[in-house]
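Remarks on the structure that follows.
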There are 2 protein chains.
Amino acid sequence: MAFTERSAATRTSILTAARKLLVERGFEGMTIRAVAERVGVDPSMVMRYYGSKAGLFSAAVDVDLRLDQVEQRPPLDRLGELLVRHFLARWEGDLSDDVLILLLRSASTNPMAAERMREVFAGQIAAQVARLTGAGDAEHRAGLVSTQLLGLALTRYVLRFPPMVEADTETLVREIGPVVQHYLTGSGITA
Amino acid sequence: MAFTERSAATRTSILTAARKLLVERGFEGMTIRAVAERVGVDPSMVMRYYGSKAGLFSAAVDVDLRLDQVEQRPPLDRLGELLVRHFLARWEGDLSDDVLILLLRSASTNPMAAERMREVFAGQIAAQVARLTGAGDAEHRAGLVSTQLLGLALTRYVLRFPPMVEADTETLVREIGPVVQHYLTGSGITA
DNA sequence: GTCTATAATTCGATAGAC
DNA sequence: GTCTATCGAATTATAGAC
């Protein structure tokens, strides 16, 4: 193998291009050829570095939600607001390659992406909900939270519904935060 | 042209098969060949009847949400519950070819599907919200409602998150209905 | 109306020269 | 490490026989 520094840079460039194409076009739209063209290398290089399209895809989605960046002990009654703000901040970045958006676009047609989505949900969101609220029905509550957060991502970044695209982040935090809060700690939620 | 009755039946069979494939695999997965095979005809017949893949797709998504089936003058404070129940009833049917689910799976990678989704949203959901609530910010409220309803459809039918798949419909109506109600008529919602 | 045959693309993947 | 050349498969779409 013996990759040079030059090739290491190419390697990460390929990964970045792959992520952007996944965000823009989904799994089928991220072709080996399109990735190579965007980076400015030969398609065979992409194969050499990542073995196959599946290998490239796996490498592209191997990131976590960084939910640990949410404070360790946040006030329980502001958890909903913090979650909405955290996800919006991730998605808004100029880096338009957030993993959740990318998975969202790929999961509709690619079983690997759907499975990875379920893992992220169960392993990260549900786990954090259980840790922070100590609720016994954490999985069910995390599921409800996911419907709202993924629904927001879907309409704002994938489907691009005008009212959701135009809304500023503070408005969304103020309006959707309480709903997430209700799913997390409200009464009347029973699995 | 002069289609016989036999061919008219084939024509609708093709449309049904196309819808089911769109639900199962999304736009790229619905190939002319796969549709033809499922119906038991030659691929060229599909082309003959619908001209192109785009033509078949357009025909497959040309349906409405039947929101008129919601009562003309429902109690305003039960609107959220009614909406959630209405959509769940549509999606649960043995007809696993609901247009909204189908569009949801296709819109991630197909611009036509995304555009059709926006049209459905603006022309049907937002219009009904405006008619029923008379709110001036109906578009914004309808957008919020869409995040929750589409998020539910996404996690339950496309991503198949276990907690959302396992929940029975009455539980979902009871838990999500109030949220939709809040988006429709609650205070603190401002565009 | 239904089918065969095939053109024209596009894709993932491999072999091998340099 | 990087490239050319190419294979084999799948797809949309068309032409035309019957």
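Note on naming: chains are A, B, ... as they come in the structure tokens, residues start from 1 per chain, ligands start from 1 in the order shown.
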
Which polymer residues have any atom within 9 Å of an atom of C:DT2, counting only C-alpha atoms (C1' of nucleotides), with same-chain residues fewer than 3 positions away left out, as a PDB file with C-alpha atoms (C1' of nucleotides), in the first residue's frame?
ATOM      1  CA  VAL B  41     -46.447  -8.596 -19.911  1.00  0.00           C
ATOM      2  CA  ASP B  42     -43.648  -7.528 -22.173  1.00  0.00           C
ATOM      3  CA  SER B  44     -42.493  -2.811 -24.507  1.00  0.00           C
ATOM      4  CA  MET B  45     -46.164  -2.848 -23.539  1.00  0.00           C
TER       5      MET B  45
ATOM      6  C1'  DC D  18     -46.680 -10.933 -36.747  1.00  0.00           C
TER       7       DC D  18
END

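The protein and nucleic acid residues lying at most 12 Å from B:Asp137 are Pro163 of chain A; Ala126, Ala127, Val129, Ala130, Arg131, Thr133, Gly134, His140, Arg141, Ala142, Gly143, Leu144, Tyr183, Leu184, Thr185, Gly186, Ser187, Gly188, Ile189, Thr190 and Ala191 of chain B, with only C-alpha atoms (C1' of nucleotides) considered and sequence neighbours fewer than 3 positions away removed.
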
Using only C-alpha atoms (C1' of nucleotides), tabulate the residues of chain D lying at most 10 Å from any atom of chain A, each with its closest atom pair and that distance in Å to one decimal, by chain and increasing residue number, as a tab-separated table.
residue	atom	partner	partner_atom	distance
D:DG1	C1'	A:Ser7	CA	8.0
D:DT2	C1'	A:Met45	CA	7.5
D:DC3	C1'	A:Asp42	CA	7.2

Export of prior selection with C-alpha atoms (C1' of nucleotides) as an mmCIF file, in the first residue's frame:
data_model
loop_
_atom_site.group_PDB
_atom_site.id
_atom_site.type_symbol
_atom_site.label_atom_id
_atom_site.label_comp_id
_atom_site.auth_asym_id
_atom_site.auth_seq_id
_atom_site.Cartn_x
_atom_site.Cartn_y
_atom_site.Cartn_z
ATOM 1 C "C1'" DG D 1 0.093 5.522 -7.650
ATOM 2 C "C1'" DT D 2 -2.220 6.802 -11.878
ATOM 3 C "C1'" DC D 3 -4.029 5.866 -16.077
#

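Applying a distance limit of 9 Å to only C-alpha atoms (C1' of nucleotides), the residues of chain A near chain C read Thr31, Ile32, Arg33, Ser44, Met47, Ser52 and Lys53 of chain A.
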
Just to be explicit: take each residue in the selection above, keep C-alpha atoms, and write the result as a CSV table (one decimal), in the first residue's frame.
chain,number,residue,atom,x,y,z
A,31,THR,CA,-21.8,7.0,-8.9
A,32,ILE,CA,-18.1,6.1,-8.8
A,33,ARG,CA,-17.7,8.1,-11.9
A,44,SER,CA,-10.3,3.5,-11.0
A,47,MET,CA,-12.1,1.8,-6.6
A,52,SER,CA,-16.2,-0.9,-4.1
A,53,LYS,CA,-19.1,1.4,-4.1

When the cut-off is 9 Å and we count only C-alpha atoms, which residues of chain B are near chain A, given as a compact mmCIF listing (two decimals) with N, CA, C and O atoms, in the first residue's frame?
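And here is the file that came out, out.txt:
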# COMPACT_ATOMS: atom_id res chain seq x y z
N GLU B 24 -41.96 0.24 -2.65
CA GLU B 24 -40.96 -0.70 -2.15
C GLU B 24 -39.52 -0.26 -2.43
O GLU B 24 -38.64 -0.47 -1.61
N ARG B 25 -39.32 0.35 -3.60
CA ARG B 25 -37.93 0.60 -4.00
C ARG B 25 -37.62 2.02 -4.43
O ARG B 25 -36.48 2.31 -4.79
N GLY B 26 -38.62 2.88 -4.49
CA GLY B 26 -38.36 4.25 -4.93
C GLY B 26 -38.27 4.36 -6.44
O GLY B 26 -38.47 3.38 -7.16
N PHE B 27 -37.96 5.56 -6.91
CA PHE B 27 -38.01 5.85 -8.34
C PHE B 27 -37.04 5.00 -9.17
O PHE B 27 -37.42 4.41 -10.18
N GLU B 28 -35.81 4.93 -8.75
CA GLU B 28 -34.83 4.17 -9.53
C GLU B 28 -35.15 2.69 -9.53
O GLU B 28 -34.84 1.98 -10.47
N GLY B 29 -35.77 2.23 -8.43
CA GLY B 29 -36.08 0.81 -8.31
C GLY B 29 -37.27 0.39 -9.16
O GLY B 29 -37.44 -0.79 -9.47
N LEU B 104 -42.75 9.83 -0.82
CA LEU B 104 -41.73 9.98 0.21
C LEU B 104 -40.47 9.20 -0.16
O LEU B 104 -39.35 9.68 0.01
N ARG B 105 -40.68 8.01 -0.71
CA ARG B 105 -39.54 7.18 -1.07
C ARG B 105 -38.86 7.66 -2.34
O ARG B 105 -37.68 7.41 -2.57
N SER B 106 -39.61 8.34 -3.20
CA SER B 106 -39.06 8.76 -4.48
C SER B 106 -38.46 10.16 -4.43
O SER B 106 -37.53 10.47 -5.17
N ALA B 107 -39.01 10.99 -3.56
CA ALA B 107 -38.65 12.41 -3.56
C ALA B 107 -37.20 12.66 -3.17
O ALA B 107 -36.64 13.71 -3.46
N SER B 108 -36.57 11.66 -2.52
CA SER B 108 -35.19 11.84 -2.09
C SER B 108 -34.25 11.93 -3.27
O SER B 108 -33.22 12.59 -3.19
N THR B 109 -34.59 11.27 -4.34
CA THR B 109 -33.65 11.23 -5.46
C THR B 109 -34.26 11.77 -6.76
O THR B 109 -33.53 11.99 -7.72
N ASN B 110 -35.58 11.95 -6.78
CA ASN B 110 -36.21 12.37 -8.02
C ASN B 110 -36.86 13.74 -7.89
O ASN B 110 -37.79 13.93 -7.12
N ALA B 114 -40.22 15.31 -5.73
CA ALA B 114 -40.11 16.37 -4.73
C ALA B 114 -41.03 17.53 -5.08
O ALA B 114 -41.71 18.09 -4.22
N GLU B 115 -41.07 17.87 -6.35
CA GLU B 115 -41.93 18.96 -6.80
C GLU B 115 -43.40 18.60 -6.57
O GLU B 115 -44.18 19.42 -6.09
N MET B 117 -44.51 16.64 -4.38
CA MET B 117 -44.72 16.67 -2.93
C MET B 117 -45.03 18.09 -2.47
O MET B 117 -45.92 18.30 -1.65
N ARG B 118 -44.30 19.05 -2.99
CA ARG B 118 -44.54 20.45 -2.62
C ARG B 118 -45.91 20.90 -3.10
O ARG B 118 -46.61 21.64 -2.41
N PHE B 121 -48.51 19.46 -0.85
CA PHE B 121 -48.50 20.18 0.41
C PHE B 121 -49.21 21.53 0.28
O PHE B 121 -50.12 21.86 1.03
N ALA B 122 -48.79 22.31 -0.71
CA ALA B 122 -49.32 23.67 -0.85
C ALA B 122 -50.78 23.64 -1.29
O ALA B 122 -51.61 24.41 -0.80
N GLU B 139 -49.98 28.77 5.93
CA GLU B 139 -48.87 28.08 5.26
C GLU B 139 -47.81 27.62 6.25
O GLU B 139 -47.32 26.50 6.17
N HIS B 140 -47.48 28.51 7.15
CA HIS B 140 -46.47 28.16 8.16
C HIS B 140 -46.98 27.04 9.07
O HIS B 140 -46.25 26.09 9.35
N ARG B 141 -48.21 27.15 9.51
CA ARG B 141 -48.78 26.11 10.36
C ARG B 141 -48.86 24.78 9.62
O ARG B 141 -48.56 23.71 10.17
N ALA B 142 -49.25 24.83 8.35
CA ALA B 142 -49.34 23.61 7.55
C ALA B 142 -47.95 22.98 7.38
O ALA B 142 -47.80 21.76 7.34
N GLY B 143 -46.94 23.84 7.29
CA GLY B 143 -45.57 23.33 7.20
C GLY B 143 -45.19 22.56 8.44
O GLY B 143 -44.63 21.46 8.36
N LEU B 144 -45.50 23.12 9.60
CA LEU B 144 -45.20 22.44 10.86
C LEU B 144 -45.96 21.12 10.95
O LEU B 144 -45.40 20.09 11.37
N SER B 146 -46.87 19.32 8.54
CA SER B 146 -46.24 18.39 7.59
C SER B 146 -44.99 17.76 8.18
O SER B 146 -44.73 16.57 7.94
N THR B 147 -44.21 18.55 8.92
CA THR B 147 -43.00 17.95 9.53
C THR B 147 -43.39 16.77 10.40
O THR B 147 -42.76 15.72 10.35
N GLN B 148 -44.45 16.92 11.17
CA GLN B 148 -44.83 15.86 12.09
C GLN B 148 -45.47 14.67 11.37
O GLN B 148 -45.13 13.52 11.64
N LEU B 149 -46.36 14.93 10.43
CA LEU B 149 -47.03 13.84 9.73
C LEU B 149 -46.07 13.08 8.82
O LEU B 149 -46.07 11.84 8.79
N LEU B 150 -45.24 13.80 8.09
CA LEU B 150 -44.29 13.12 7.21
C LEU B 150 -43.20 12.42 8.02
O LEU B 150 -42.71 11.37 7.63
N GLY B 151 -42.84 13.01 9.16
CA GLY B 151 -41.87 12.36 10.03
C GLY B 151 -42.41 11.04 10.56
O GLY B 151 -41.68 10.05 10.67
N LEU B 152 -43.70 11.03 10.85
CA LEU B 152 -44.34 9.79 11.29
C LEU B 152 -44.32 8.75 10.18
O LEU B 152 -43.94 7.59 10.38
N ALA B 153 -44.73 9.16 8.98
CA ALA B 153 -44.75 8.23 7.84
C ALA B 153 -43.34 7.70 7.56
O ALA B 153 -43.15 6.51 7.30
N LEU B 154 -42.38 8.58 7.63
CA LEU B 154 -40.99 8.21 7.35
C LEU B 154 -40.48 7.15 8.32
O LEU B 154 -39.93 6.12 7.91
N THR B 155 -40.64 7.38 9.60
CA THR B 155 -40.08 6.45 10.59
C THR B 155 -40.87 5.15 10.66
O THR B 155 -40.30 4.10 10.92
N ARG B 156 -42.18 5.23 10.42
CA ARG B 156 -43.01 4.03 10.56
C ARG B 156 -42.99 3.15 9.32
O ARG B 156 -42.92 1.93 9.43
N VAL B 158 -41.09 3.83 6.11
CA VAL B 158 -39.91 3.80 5.25
C VAL B 158 -38.68 3.32 6.03
O VAL B 158 -38.05 2.34 5.67
N LEU B 159 -38.36 4.02 7.12
CA LEU B 159 -37.18 3.63 7.89
C LEU B 159 -37.48 2.45 8.81
O LEU B 159 -36.58 1.72 9.20
N ARG B 160 -38.74 2.30 9.17
CA ARG B 160 -39.18 1.20 10.02
C ARG B 160 -38.45 1.15 11.35
O ARG B 160 -37.85 0.12 11.73
N PHE B 161 -38.49 2.27 12.07
CA PHE B 161 -37.96 2.29 13.43
C PHE B 161 -38.85 1.39 14.29
O PHE B 161 -40.07 1.60 14.35
N PRO B 162 -38.26 0.43 14.98
CA PRO B 162 -39.05 -0.53 15.76
C PRO B 162 -40.12 0.11 16.66
O PRO B 162 -41.26 -0.32 16.61
N PRO B 163 -39.80 1.13 17.46
CA PRO B 163 -40.85 1.67 18.35
C PRO B 163 -42.02 2.25 17.57
O PRO B 163 -43.15 2.21 18.05
N MET B 164 -41.76 2.77 16.39
CA MET B 164 -42.83 3.37 15.60
C MET B 164 -43.62 2.32 14.84
O MET B 164 -44.81 2.46 14.60
N ALA B 167 -45.94 0.51 17.59
CA ALA B 167 -47.03 1.27 18.21
C ALA B 167 -48.34 1.06 17.46
O ALA B 167 -48.36 1.05 16.23
N THR B 171 -52.64 4.54 19.91
CA THR B 171 -51.58 5.17 20.70
C THR B 171 -51.00 6.36 19.96
O THR B 171 -50.81 7.44 20.55
N ARG B 174 -53.34 9.28 19.95
CA ARG B 174 -53.42 9.91 21.26
C ARG B 174 -52.18 10.76 21.55
O ARG B 174 -52.26 11.82 22.16
N GLU B 175 -51.01 10.27 21.07
CA GLU B 175 -49.77 10.96 21.42
C GLU B 175 -49.40 12.06 20.42
O GLU B 175 -48.85 13.09 20.81
N ILE B 176 -49.66 11.82 19.15
CA ILE B 176 -49.24 12.77 18.12
C ILE B 176 -50.36 13.75 17.78
O ILE B 176 -50.11 14.90 17.40
N VAL B 179 -50.08 17.18 19.31
CA VAL B 179 -49.01 17.99 18.72
C VAL B 179 -49.49 18.66 17.43
O VAL B 179 -49.28 19.85 17.22
N HIS B 182 -51.75 21.38 18.26
CA HIS B 182 -51.01 22.56 18.71
C HIS B 182 -50.48 23.37 17.54
O HIS B 182 -50.56 24.58 17.51
N TYR B 183 -49.95 22.67 16.53
CA TYR B 183 -49.45 23.36 15.35
C TYR B 183 -50.59 24.06 14.60
O TYR B 183 -50.40 25.11 14.00
N GLY B 188 -48.37 30.87 20.19
CA GLY B 188 -46.91 30.75 20.12
C GLY B 188 -46.41 30.30 18.78
O GLY B 188 -45.23 30.01 18.60
N ILE B 189 -47.30 30.19 17.80
CA ILE B 189 -46.89 29.87 16.44
C ILE B 189 -46.96 31.15 15.62
O ILE B 189 -48.01 31.74 15.45
N THR B 190 -45.80 31.60 15.15
CA THR B 190 -45.77 32.84 14.36
C THR B 190 -44.79 32.69 13.22
O THR B 190 -43.65 32.28 13.43
N ALA B 191 -45.24 33.00 12.04
CA ALA B 191 -44.37 32.86 10.87
C ALA B 191 -43.23 33.87 10.90
O ALA B 191 -43.21 34.76 11.72
